[in-house]
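Below: the structure, in structure tokens.
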Protein chains: 2
Amino acid sequence: MIGPALIVLFGLGTPLAASQTPSVPPSDRYAATARLIREEGLRSEKAFAMLADLVRTAGPRLPGSPVAAKAVDHVQSVMKDLGLETWLEPTRVQHWVRGEESAKIIAGAGERETDLTISALGGSGPTPASGISARVIEVASFEELERRKDEVRGSIVFFNRPMDRTLIEPFRAYGEAAPFRAQGPSRAARLGAAAALVRSLTFRLDDFPHTGMVDYDPAVPKIPSAAISTEDAEVLSSRLKTRPDLSVRLRLGCANLEPVMTANVVGQIRGTEKPDEVVLLGGHLDSWDLAVGAHDDGAGCIQAVEALRLILKSGIKPRRTIRAVMFMNEEFGSSGGRDYAADPRRKAEKHIVAMESDRGGYGPLYAAVGGSPEARRKFAAFEPLFQELGLSGIRPGGGGSDVGPIIAAGAVPMGFVPASAAYFDVHHSGHDILDNVHPRELEMGAIIFALLAVIAAEEGI
Amino acid sequence: MIGPALIVLFGLGTPLAASQTPSVPPSDRYAATARLIREEGLRSEKAFAMLADLVRTAGPRLPGSPVAAKAVDHVQSVMKDLGLETWLEPTRVQHWVRGEESAKIIAGAGERETDLTISALGGSGPTPASGISARVIEVASFEELERRKDEVRGSIVFFNRPMDRTLIEPFRAYGEAAPFRAQGPSRAARLGAAAALVRSLTFRLDDFPHTGMVDYDPAVPKIPSAAISTEDAEVLSSRLKTRPDLSVRLRLGCANLEPVMTANVVGQIRGTEKPDEVVLLGGHLDSWDLAVGAHDDGAGCIQAVEALRLILKSGIKPRRTIRAVMFMNEEFGSSGGRDYAADPRRKAEKHIVAMESDRGGYGPLYAAVGGSPEARRKFAAFEPLFQELGLSGIRPGGGGSDVGPIIAAGAVPMGFVPASAAYFDVHHSGHDILDNVHPRELEMGAIIFALLAVIAAEEGI
């Protein structure tokens, strides 16, 4: 059923379902709704205010932490205040804590010790309290690691592979360099390494380490592992050129504690005609601990909540259910996304569309629709609406780690792709603060989410 | 003639003009060049380093000021160091200087005086040293000004028209509100106003005034005029609601001095076959004085210079001349652009293409080609190159205030359109600093400039 927005458009006195007016071009049917959503969104910029509230109430939201639990409560109360139907769904998460940490180049003859800026990688265990002091073996590839395997035993392996700045797509550059963080420590441990240092995954040369999860191989020791800032990666590499036998002392106080039961937060507008058909909007509520996770992924969570607020405000009573899910534990393996898909409640539901925003709260470049050619063709008819919102149009795409299992179960992936030139400046680092999010850019993502959701909920797939 | 870049592409031992190989798809002919330009640009990010040099050497560059003169010398020496042919062309500019300035709401009974954050508008004359103390008449439109014309004599007219945040296109919102800054003061003066305050042109609510030029009508007194920060516009408006007769004391120490002879800075790569046919890349070297003009328009100037550096570095020896012009005095009426077009040197030249970057150094969204349908069709064949650089494609557009006269004389407008959600946050204000420019986004503009210029210089129009 269409609310007041489309009544204005058609000038009718009674509600009229969009699908009952085949003579109107498809995109025209939603022109007035798109306008209401845009005007309310851009005028109020509520997404930014909500994000500010979230990160001030619940800053660094490591899975299993008390702050993450506070974020669950906070977001659920925001959803309640908006008038959404809301509940929690359980998920068990890895509970990792950071401790004191430091690294320094041990002085050679006539030298002073040099501090290195590092941060433990997620999942890393601690060093002994006195630290690990060992020779550093620098490698830029797994091939180089294999070539130098005879030197690795007892050493600190230093993966110094920069993200390739010459690539246009930052996520591709990240994808090429991320295996050294995710798999590097266990590859080094297999050869007997005592610890691992990994160059931070960013295009910038600065003194901020970028952390992230290690995908430890259970078959080998989980050696202590840390990200080193790009500036100090350069320092260390340069010192190794003149003194190849130099040693580093690494101290990490991090630890893996017992897993914790926590929750995904769900809020929804129930569909008026087909309530068991669900259009899902998602973000992940957990974050890294080096800042407040404003872009990653406070932005995505808040865009989903704001999209629902915009839909309510526009007066739409969607035919199908539109649901926002704040997934827990994306940063430690996406158990929230898997548990959501596996929850018994899903048996009585059919997710027709799943969207996720987890590429930063930057200005959207284009809307994305994946799935079958038919789904893409159906949405192509609505492209002018997105072009009027300043996007280049609709392109194939969508998906994400938390909605992956729901998409695997048949939901059509949708979403939008934001500008990402600056994303890896902040990703998993101390730079991921509210000041680096722009209110208007953030809001545009919520607006695109809202419009995609309304169309999907009204039209079906 | 095509340099080493395309020799690599074609695998030939001798240079080969692109236009001699009709069997190769047009965009393929430049694929290797595009790659060289992209790789050198993104790897080095020299545009940002050059911009940092410029704004540190010559910060706020008001036309006619000693700092602007220093900028002329600096940019010319950068061009010389790159090996460009370079010279200056004279232009006469308005020389306006800011002085001490302040404004306060004069206390009513039992109140304290309230300071207002203001900055004189460009071209404004001073108040008497004791200031102008007068009642404030707030209006949101010229119609409202006319309705209240009987109250205006001797007053301070306060134009409080916000930029419309609900519009998708920030330049449209600016265009709708800018007449209150440009024409408002003279419209008020015609009715006998003593001074004018104009709400700053930004979507943000903050305490930074945004200045800009007043287009004073010579037929009426040039009344003192200042921009007021958006926060203080709200304060003043709210105070006027409870005390409609309140007065403000405005003190401006600005002055218009004698015009100054200064220069546009020109640097070029001379064409090998048709040196008198010119592809022009432009930005304006002058800026406002409230910050260093990093986005407006240090960014555009440096993108033009960096584009020429990238072309040199890629080994291209272009058939036609590719020229960068740093125009002077855009902010006070674009005399530099007009004098460039009218310079006698132009008689021996034909400008086939003119591009200008003056919308901030943000990430380019699409390339723009204007002019005849034939010109647009010709460039459409090269669209895949721009899509590979992450742009949505080529759309109609181009132009700008400095290249306007050259386009009027027959040059085809081209360029690119950057993301602009944040542009009016910084425009003409204290926020226009280097920290608000992103190195990768800035560089992408230079890369697009370079590729458009190479294609235009090789292919003609």
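Lettering and numbering for the structure tokens are positional, with chains as A, B, ... in the shown order, residues counted from 1 in each chain, and ligands counted from 1 in the shown order.
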
Quick one: everything within 9 Å of Glu441 in chain A, counting only C-alpha atoms, minus sequence neighbours fewer than 2 positions away in the same chain. Send it as a ChimeraX atom specification. /A:361-364,418,437-439,443-445 /B:421-422

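By only C-alpha atoms, and with residues fewer than 2 positions from Ser314 in chain B along its chain excluded, the set lying at most 10 Å from it is Gly3, Pro4, Ala5, Leu6, Ala32, Thr33, Ala34, Arg35, Leu36, Ile37, Arg38, Glu39, Glu40, Leu308, Arg309, Leu310, Ile311, Leu312, Ile316 and Lys317 of chain B.
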
Writing out the chosen residues with N, CA and C atoms as a compact mmCIF listing (two decimals), in the first residue's frame:
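Result went into out.txt, see below:
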# COMPACT_ATOMS: atom_id res chain seq x y z
N GLY B 3 54.77 9.65 -28.31
CA GLY B 3 56.04 9.32 -27.68
C GLY B 3 56.15 7.85 -27.31
N PRO B 4 57.09 7.54 -26.48
CA PRO B 4 57.40 6.16 -26.09
C PRO B 4 56.18 5.38 -25.58
N ALA B 5 55.24 6.09 -24.95
CA ALA B 5 54.10 5.39 -24.36
C ALA B 5 53.38 4.55 -25.40
N LEU B 6 53.08 5.18 -26.54
CA LEU B 6 52.29 4.44 -27.53
C LEU B 6 53.16 3.51 -28.36
N ALA B 32 47.70 2.66 -23.23
CA ALA B 32 49.01 2.62 -22.57
C ALA B 32 49.36 3.99 -21.99
N THR B 33 49.01 5.04 -22.71
CA THR B 33 49.25 6.40 -22.20
C THR B 33 48.45 6.62 -20.92
N ALA B 34 47.20 6.21 -20.95
CA ALA B 34 46.35 6.38 -19.77
C ALA B 34 46.95 5.64 -18.58
N ARG B 35 47.50 4.47 -18.85
CA ARG B 35 48.10 3.70 -17.77
C ARG B 35 49.32 4.40 -17.21
N LEU B 36 50.18 4.90 -18.08
CA LEU B 36 51.39 5.60 -17.61
C LEU B 36 51.02 6.83 -16.78
N ILE B 37 50.05 7.58 -17.27
CA ILE B 37 49.63 8.79 -16.56
C ILE B 37 49.05 8.42 -15.20
N ARG B 38 48.19 7.41 -15.17
CA ARG B 38 47.58 6.99 -13.91
C ARG B 38 48.64 6.50 -12.92
N GLU B 39 49.54 5.65 -13.40
CA GLU B 39 50.52 5.06 -12.48
C GLU B 39 51.44 6.12 -11.90
N GLU B 40 51.94 7.00 -12.77
CA GLU B 40 52.83 8.06 -12.27
C GLU B 40 52.06 8.98 -11.32
N LEU B 308 50.37 18.72 -16.92
CA LEU B 308 51.48 18.88 -17.86
C LEU B 308 52.69 18.04 -17.44
N ARG B 309 52.95 17.97 -16.15
CA ARG B 309 54.05 17.12 -15.66
C ARG B 309 53.80 15.66 -16.04
N LEU B 310 52.57 15.20 -15.86
CA LEU B 310 52.24 13.80 -16.17
C LEU B 310 52.40 13.53 -17.66
N ILE B 311 52.03 14.51 -18.47
CA ILE B 311 52.15 14.34 -19.93
C ILE B 311 53.64 14.26 -20.31
N LEU B 312 54.44 15.16 -19.75
CA LEU B 312 55.89 15.10 -20.01
C LEU B 312 56.44 13.74 -19.59
N ILE B 316 54.83 11.57 -24.02
CA ILE B 316 54.07 12.11 -25.14
C ILE B 316 54.71 13.41 -25.64
N LYS B 317 54.82 13.53 -26.96
CA LYS B 317 55.17 14.82 -27.58
C LYS B 317 53.94 15.25 -28.37

Write out as a list in words each polymer residue whose atoms come within 10 Å of Arg56 in chain A, counting only C-alpha atoms; drop sequence neighbours fewer than 6 positions from it.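 Contacts, with the query itself left out: Met50, Val292 and Leu434 of chain A.
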
N, CA and C atoms of the current selection, written as a PDB file, in the first residue's frame:
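Output (again.pdb):
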ATOM      1  N   MET A  50      22.622  10.881  14.678  1.00  0.00           N
ATOM      2  CA  MET A  50      22.496   9.543  15.272  1.00  0.00           C
ATOM      3  C   MET A  50      23.855   8.860  15.385  1.00  0.00           C
ATOM      4  N   VAL A 292      36.582   5.078  17.146  1.00  0.00           N
ATOM      5  CA  VAL A 292      35.188   4.782  17.496  1.00  0.00           C
ATOM      6  C   VAL A 292      34.413   4.074  16.380  1.00  0.00           C
ATOM      7  N   LEU A 434      34.494  10.445  14.159  1.00  0.00           N
ATOM      8  CA  LEU A 434      33.332  11.161  13.628  1.00  0.00           C
ATOM      9  C   LEU A 434      33.718  12.321  12.706  1.00  0.00           C
TER      10      LEU A 434
END

Give as a VMD selection string every residue of chain A that touches chain B within 6 Å, counting only C-alpha atoms. chain A and resid 39 42 to 43 165 to 166

Could you turn the residues from that selection into a file that holds N, CA and C atoms, as a PDB file, in the first residue's frame?
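Result file result.pdb:
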ATOM      1  N   GLU A  39      14.175  15.218   0.673  1.00  0.00           N
ATOM      2  CA  GLU A  39      14.031  16.492   1.386  1.00  0.00           C
ATOM      3  C   GLU A  39      14.164  16.319   2.891  1.00  0.00           C
ATOM      4  N   LEU A  42      18.033  15.316   3.599  1.00  0.00           N
ATOM      5  CA  LEU A  42      19.041  16.366   3.457  1.00  0.00           C
ATOM      6  C   LEU A  42      18.757  17.555   4.370  1.00  0.00           C
ATOM      7  N   ARG A  43      17.495  17.831   4.628  1.00  0.00           N
ATOM      8  CA  ARG A  43      17.181  18.951   5.520  1.00  0.00           C
ATOM      9  C   ARG A  43      17.644  18.643   6.935  1.00  0.00           C
ATOM     10  N   ARG A 165      49.183   1.757  -4.678  1.00  0.00           N
ATOM     11  CA  ARG A 165      48.509   3.037  -4.829  1.00  0.00           C
ATOM     12  C   ARG A 165      48.115   3.333  -6.271  1.00  0.00           C
ATOM     13  N   THR A 166      48.713   2.633  -7.229  1.00  0.00           N
ATOM     14  CA  THR A 166      48.434   2.960  -8.634  1.00  0.00           C
ATOM     15  C   THR A 166      47.126   2.329  -9.117  1.00  0.00           C
TER      16      THR A 166
END

For Ala380 in chain B, work out the shell of residues within 9 Å, counting only C-alpha atoms and skipping chain neighbours fewer than 6 positions away, then give it as a list of chain:residue names.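 The filter keeps B:Val369, B:Gly393, B:Ile394, B:Arg395.
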
For the residues in that selection, give me N, CA and C atoms as a PDB file, in the first residue's frame.
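Output file out19.pdb follows:
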ATOM      1  N   VAL B 369      32.411  17.039 -21.687  1.00  0.00           N
ATOM      2  CA  VAL B 369      32.744  17.566 -23.012  1.00  0.00           C
ATOM      3  C   VAL B 369      31.541  18.359 -23.499  1.00  0.00           C
ATOM      4  N   GLY B 393      31.835   8.115 -16.677  1.00  0.00           N
ATOM      5  CA  GLY B 393      31.893   8.255 -18.126  1.00  0.00           C
ATOM      6  C   GLY B 393      32.103   9.690 -18.532  1.00  0.00           C
ATOM      7  N   ILE B 394      31.604  10.031 -19.715  1.00  0.00           N
ATOM      8  CA  ILE B 394      31.705  11.403 -20.235  1.00  0.00           C
ATOM      9  C   ILE B 394      30.294  11.947 -20.366  1.00  0.00           C
ATOM     10  N   ARG B 395      30.068  13.121 -19.833  1.00  0.00           N
ATOM     11  CA  ARG B 395      28.752  13.745 -19.954  1.00  0.00           C
ATOM     12  C   ARG B 395      28.893  15.147 -20.518  1.00  0.00           C
TER      13      ARG B 395
END

Would you kindly return, as a list in words, each protein, DNA or RNA residue with an atom no farther than 8 Å from any atom of Arg249 in chain B, considering only C-alpha atoms and excluding same-chain residues fewer than 5 positions away? Ala103, Lys104, Ile105, Ile106, Gly131, Ile132, Ser133 and Ala134 of chain B

Return the single residue from A:Pro162, A:Gly398, A:Gly59, A:Gly108 that is closest to Ala177 in chain A, with distances computed using only C-alpha atoms. A:Pro162

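Counting only C-alpha atoms, Val265 in chain A has the following residues at most 7 Å away, ignoring those fewer than 5 positions along the same chain: Val72, Gln76, Trp87, Leu88, Glu89, Val325, Met326 and Phe327 of chain A.
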
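The shell of residues at most 9 Å from Glu258 in chain A, with only C-alpha atoms counted and near chain neighbours (fewer than 5 positions) removed, consists of A:Gln94, A:His95, A:Trp96.
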
Identify, with DSSP run on backbone atoms, the residues in range 125-295 of chain A assigned to helix (DSSP H, G or I), and express the list as JSON, numbers by chain. {"A": [142, 143, 144, 145, 146, 147, 149, 150, 151, 152, 170, 171, 172, 173, 174, 175, 176, 177, 178, 179, 180, 181, 182, 184, 185, 186, 187, 188, 189, 190, 230, 231, 232, 233, 234, 235, 236, 237, 238, 239, 240, 241, 242, 294, 295]}

In Å to one decimal, how far is CA of Arg320 in chain B from CA of Pro275 in chain B?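 Going from CA of Pro275 in chain B over to CA of Arg320 in chain B covers 5.2 Å.
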